[in-house]
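Note sheet for the following structure.
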Amino acid sequence: MNRLILIGNGFDLAHGLKTSYADFIDWYWTEWGKRLRNGKNKLEEDRFYSFRLSDSFGVAAWYLAWSYYVKENPKQPWSNKEVLSIAKTHQELCTFNSKSDFFEKICDHLRRKKWVDIEDIFYVFLKKSFVPKHIKEDLEFLKNKLVDYLKSLQETTVNQNIQKQILEPFHREDIAIGSMDKWDKMEPDNIMLLDFNYTNTADMYLPKAYKYSINHIHGNLSNPESVIFGYGDERDDEYEVLMKKNDNEYLQHIKSFASNYRNMLSFIESAPYQVCIMGHSCGLSDRTLLATLFEHPNCVSIKPYYYKRKDGTDNYRELVQNIARNFKDPTLMRDRVVGKERCEPLG
């Protein structure tokens with residue numbers, strides 16, 4: 001019997017890496033602040049924003065303008081974000097204009113809810129767009145920025161508790177009643193880490209042996225060109241509408257076209273397997289892939305390793321609710337998902 005481990009962003013977070021989309025957006029604004037702090041031109045812009053120093057302001061570059069403002073308003077220290085804030089709010093000095101409704105929606109969602117799913121927002125915009133190429137180019141720019149950000153993070157070390165969870169033997173109590181005929185008492189014959197992250201954190205966890213493999217299903221930082229950023233819910237009612245449009249621009253960022261799917265399919269067809277969830281939210285942006293894994297006849301068990309918050313609460317219930325959305329048969333779901341009394345926090 002095999003084990004398939006779904007590695008999501010929570011896996012990196014459990015290692016102290018600031019890989020959430022909120023952390024990424026925070027970095028993006030800090031980088032804009034650096035750009036303005038050192039800007040030598042009256043005009044600075046990227047795909048999402050355009051900054052221009054007012055012609056009525058008698059200096060040649062923004063770094064002279066903001067340093068003048070700081071002298072008039074002494075405060076120490078002036079952070080990069082505060083420099084950016086001056087540019088956003090003081091129209092007598094400059095203009096700072098948005099060029100992307102898509103990114104504005106991302107930032108607005110983050111301000112209101114303190115979290116954001118960029119890929120979900122992308123899909124909403126894609127379905128409403130009359131110019132899919134424009135939205136695709138916005139996402140491509142954001143993806144490249146995300147790659148730059150993740151490359152800037154420091155490396156981490158192996159968490160011994162997580163490694164034990166990855167390699168532990170099977171437990172009879174975790175196996176679905178409908179799959180008891182496939183139960184054996186041995187350790188996993190093969191383990192595949194199905195890594196949805198772009199980092200190399202999970203690569204540290206498997207010994208160099210034939211029975212272990214890692215599948216960077218959506219690419220990784222070692223090969224930035226391989227990174228896939230987009231959406232993967234082919235069960236959505238409106239997905240068929242996109243497929244019928246005579247425009248491939250709508251399909252450029254659909255995750256289920258990933259080339260690494262074939263290796264995953266080969267693994268789940270080869271033998272009965274248990275799915276372990278480590279840091280993956282099981283949200284709709286990966287629904288097609290997750291439904292394939294969870295509903296497959298060879299799947300004997302789905303074991304969530306949940307996140308335990310500082311106040312003692314956890315996300316087991318939300319995680320199971322997300323898992324349920326990937327099933328057409330609720331009875332099958334209830335049989336395969338391991339109860340909380342048999343689960344534990346990641347790490």
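Going by the structure tokens order, chains are called A, B, ..., each with residues numbered from 1, while ligands are numbered from 1 in the order shown.
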Q: Just the helix (DSSP H, G or I) stuff from range 123-347 of chain A, please, per backbone DSSP, written as a ChimeraX atom specification.
A: /A:123-128,132-151,160-167,172-174,177-182,201-205,224-226,239-244,248-251,255-257,261-270,284-295,316-324,330-336,340-342
Q: Using DSSP on the backbone coordinates, identify all residues within range 1-221 of chain A classified as strand (DSSP E); present the result as JSON, numbers by chain.
A: {"A": [2, 3, 4, 5, 6, 7, 43, 44, 45, 49, 50, 51, 52, 53, 94, 95, 96, 97, 98, 191, 192, 193, 194, 195, 212, 213, 214, 215, 216]}
**Q.** Residue contacts of Leu206 in chain A (12 Å, only C-alpha atoms) excluding same-chain residues fewer than 4 positions away, as a list in words
**A.**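 These residues fall inside the cut-off: Ile5, Val158, Ile162, Gln163, Lys164, Gln165, Ile166, Leu167, Asn190, Ile191, Met192, Leu193, Asn200, Thr201, Ala202, Tyr210, Lys211, Tyr212, Ser213, Ile214 and Asn215 of chain A.
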Q. Between A:Asp203, A:Glu318, A:Asp195, A:Glu187, which is the closest to Gly8 in chain A once you count only C-alpha atoms?
A.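 Distance minimum relative to Gly8 in chain A lands on A:Asp195.
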Q) Quick one: residues within 9 Å of range 332-337 of chain A, only C-alpha atoms counted, chain neighbours fewer than 3 positions away excluded, as a list in words? A) Asp174, Ile175, Ala176, Ile177, Gly178, Ser179, Phe294, Glu295, Cys299, Val300, Ser301, Ile302, Lys303, Pro304, Val320, Ile323, Ala324, Asn326, Phe327, Lys328 and Asp329 of chain A
Q. Counting only C-alpha atoms, what is within 8 Å of Ile118 in chain A, bar same-chain residues fewer than 4 positions away, as a PyMOL selection string?
A. chain A and resi 21+106+122
**Q.** Surrounding residues of Ser226 in chain A excluding itself and chain neighbours under 3 positions, 10 Å, only C-alpha atoms, as a PyMOL selection string
**A.** chain A and resi 198+216-223+229+258-259
Q: Identify which of the residues A:Lys340, A:His296, A:Lys18, A:Arg112 lies closest to Lys151 in chain A, counting only C-alpha atoms when measuring atom-to-atom distances.
A: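 Residue with the minimum atom-to-atom distance to Lys151 in chain A: A:Lys18.
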Q: Find the spatial neighbours of Glu45 in chain A, counting only C-alpha atoms, within a cut-off of 10 Å - ignore same-chain residues fewer than 5 positions away - and output them as a VMD selection string.
A: chain A and resid 32 35 50 to 52 96 to 99
Just-selected residues, all heavy atoms written as a PDB file, in the first residue's frame:
ATOM      1  N   TRP A  32       7.873  48.593  -3.709  1.00  0.00           N
ATOM      2  CA  TRP A  32       7.485  49.866  -4.317  1.00  0.00           C
ATOM      3  C   TRP A  32       8.059  51.020  -3.500  1.00  0.00           C
ATOM      4  O   TRP A  32       8.533  52.028  -4.050  1.00  0.00           O
ATOM      5  CB  TRP A  32       5.974  49.990  -4.405  1.00  0.00           C
ATOM      6  CG  TRP A  32       5.441  49.974  -5.807  1.00  0.00           C
ATOM      7  CD1 TRP A  32       4.685  49.006  -6.387  1.00  0.00           C
ATOM      8  CD2 TRP A  32       5.613  50.990  -6.807  1.00  0.00           C
ATOM      9  NE1 TRP A  32       4.378  49.338  -7.693  1.00  0.00           N
ATOM     10  CE2 TRP A  32       4.929  50.556  -7.976  1.00  0.00           C
ATOM     11  CE3 TRP A  32       6.275  52.220  -6.842  1.00  0.00           C
ATOM     12  CZ2 TRP A  32       4.897  51.305  -9.152  1.00  0.00           C
ATOM     13  CZ3 TRP A  32       6.248  52.970  -8.019  1.00  0.00           C
ATOM     14  CH2 TRP A  32       5.570  52.514  -9.148  1.00  0.00           C
ATOM     15  N   ARG A  35      11.632  51.443  -4.306  1.00  0.00           N
ATOM     16  CA  ARG A  35      11.770  52.029  -5.646  1.00  0.00           C
ATOM     17  C   ARG A  35      11.591  53.547  -5.593  1.00  0.00           C
ATOM     18  O   ARG A  35      12.336  54.298  -6.240  1.00  0.00           O
ATOM     19  CB  ARG A  35      10.723  51.399  -6.573  1.00  0.00           C
ATOM     20  CG  ARG A  35      10.821  51.805  -8.018  1.00  0.00           C
ATOM     21  CD  ARG A  35       9.839  50.975  -8.832  1.00  0.00           C
ATOM     22  NE  ARG A  35       9.920  51.280 -10.236  1.00  0.00           N
ATOM     23  CZ  ARG A  35       9.246  50.624 -11.176  1.00  0.00           C
ATOM     24  NH1 ARG A  35       8.439  49.624 -10.830  1.00  0.00           N
ATOM     25  NH2 ARG A  35       9.380  50.968 -12.445  1.00  0.00           N
ATOM     26  N   SER A  50       1.143  53.292 -11.669  1.00  0.00           N
ATOM     27  CA  SER A  50       1.925  54.334 -12.324  1.00  0.00           C
ATOM     28  C   SER A  50       2.094  55.506 -11.365  1.00  0.00           C
ATOM     29  O   SER A  50       1.105  56.032 -10.833  1.00  0.00           O
ATOM     30  CB  SER A  50       1.226  54.801 -13.606  1.00  0.00           C
ATOM     31  OG  SER A  50       1.907  55.894 -14.180  1.00  0.00           O
ATOM     32  N   PHE A  51       3.352  55.894 -11.137  1.00  0.00           N
ATOM     33  CA  PHE A  51       3.661  57.030 -10.274  1.00  0.00           C
ATOM     34  C   PHE A  51       4.258  58.152 -11.129  1.00  0.00           C
ATOM     35  O   PHE A  51       5.113  57.904 -11.990  1.00  0.00           O
ATOM     36  CB  PHE A  51       4.667  56.625  -9.196  1.00  0.00           C
ATOM     37  CG  PHE A  51       5.377  57.794  -8.573  1.00  0.00           C
ATOM     38  CD1 PHE A  51       4.803  58.470  -7.507  1.00  0.00           C
ATOM     39  CD2 PHE A  51       6.606  58.232  -9.062  1.00  0.00           C
ATOM     40  CE1 PHE A  51       5.442  59.558  -6.946  1.00  0.00           C
ATOM     41  CE2 PHE A  51       7.246  59.319  -8.493  1.00  0.00           C
ATOM     42  CZ  PHE A  51       6.670  59.982  -7.439  1.00  0.00           C
ATOM     43  N   ARG A  52       3.825  59.383 -10.876  1.00  0.00           N
ATOM     44  CA  ARG A  52       4.404  60.524 -11.582  1.00  0.00           C
ATOM     45  C   ARG A  52       4.539  61.709 -10.636  1.00  0.00           C
ATOM     46  O   ARG A  52       3.574  62.105  -9.967  1.00  0.00           O
ATOM     47  CB  ARG A  52       3.558  60.917 -12.790  1.00  0.00           C
ATOM     48  CG  ARG A  52       4.206  62.017 -13.634  1.00  0.00           C
ATOM     49  CD  ARG A  52       3.444  62.304 -14.907  1.00  0.00           C
ATOM     50  NE  ARG A  52       4.142  63.282 -15.710  1.00  0.00           N
ATOM     51  CZ  ARG A  52       5.133  62.997 -16.567  1.00  0.00           C
ATOM     52  NH1 ARG A  52       5.509  61.739 -16.735  1.00  0.00           N
ATOM     53  NH2 ARG A  52       5.725  63.957 -17.248  1.00  0.00           N
ATOM     54  N   PHE A  96      -0.378  58.723  -7.978  1.00  0.00           N
ATOM     55  CA  PHE A  96      -0.091  57.288  -7.881  1.00  0.00           C
ATOM     56  C   PHE A  96      -1.371  56.559  -8.266  1.00  0.00           C
ATOM     57  O   PHE A  96      -2.310  56.484  -7.480  1.00  0.00           O
ATOM     58  CB  PHE A  96       0.351  56.916  -6.469  1.00  0.00           C
ATOM     59  CG  PHE A  96       0.931  55.534  -6.360  1.00  0.00           C
ATOM     60  CD1 PHE A  96       2.256  55.301  -6.643  1.00  0.00           C
ATOM     61  CD2 PHE A  96       0.136  54.453  -5.989  1.00  0.00           C
ATOM     62  CE1 PHE A  96       2.811  54.031  -6.547  1.00  0.00           C
ATOM     63  CE2 PHE A  96       0.662  53.181  -5.890  1.00  0.00           C
ATOM     64  CZ  PHE A  96       2.010  52.974  -6.173  1.00  0.00           C
ATOM     65  N   ASN A  97      -1.429  56.051  -9.498  1.00  0.00           N
ATOM     66  CA  ASN A  97      -2.673  55.531 -10.055  1.00  0.00           C
ATOM     67  C   ASN A  97      -2.618  54.035 -10.324  1.00  0.00           C
ATOM     68  O   ASN A  97      -1.591  53.515 -10.781  1.00  0.00           O
ATOM     69  CB  ASN A  97      -3.000  56.252 -11.369  1.00  0.00           C
ATOM     70  CG  ASN A  97      -3.271  57.727 -11.160  1.00  0.00           C
ATOM     71  OD1 ASN A  97      -3.875  58.120 -10.162  1.00  0.00           O
ATOM     72  ND2 ASN A  97      -2.805  58.561 -12.082  1.00  0.00           N
ATOM     73  N   SER A  98      -3.735  53.379 -10.067  1.00  0.00           N
ATOM     74  CA  SER A  98      -3.863  51.948 -10.355  1.00  0.00           C
ATOM     75  C   SER A  98      -4.116  51.727 -11.842  1.00  0.00           C
ATOM     76  O   SER A  98      -4.839  52.494 -12.486  1.00  0.00           O
ATOM     77  CB  SER A  98      -5.009  51.343  -9.548  1.00  0.00           C
ATOM     78  OG  SER A  98      -5.290  50.030  -9.975  1.00  0.00           O
ATOM     79  N   LYS A  99      -3.534  50.654 -12.373  1.00  0.00           N
ATOM     80  CA  LYS A  99      -3.762  50.268 -13.765  1.00  0.00           C
ATOM     81  C   LYS A  99      -4.413  48.895 -13.875  1.00  0.00           C
ATOM     82  O   LYS A  99      -4.597  48.387 -14.974  1.00  0.00           O
ATOM     83  CB  LYS A  99      -2.437  50.256 -14.540  1.00  0.00           C
ATOM     84  CG  LYS A  99      -1.681  51.579 -14.485  1.00  0.00           C
ATOM     85  CD  LYS A  99      -0.528  51.647 -15.462  1.00  0.00           C
ATOM     86  CE  LYS A  99       0.447  50.528 -15.349  1.00  0.00           C
ATOM     87  NZ  LYS A  99       1.633  50.663 -16.193  1.00  0.00           N
TER      88      LYS A  99
END
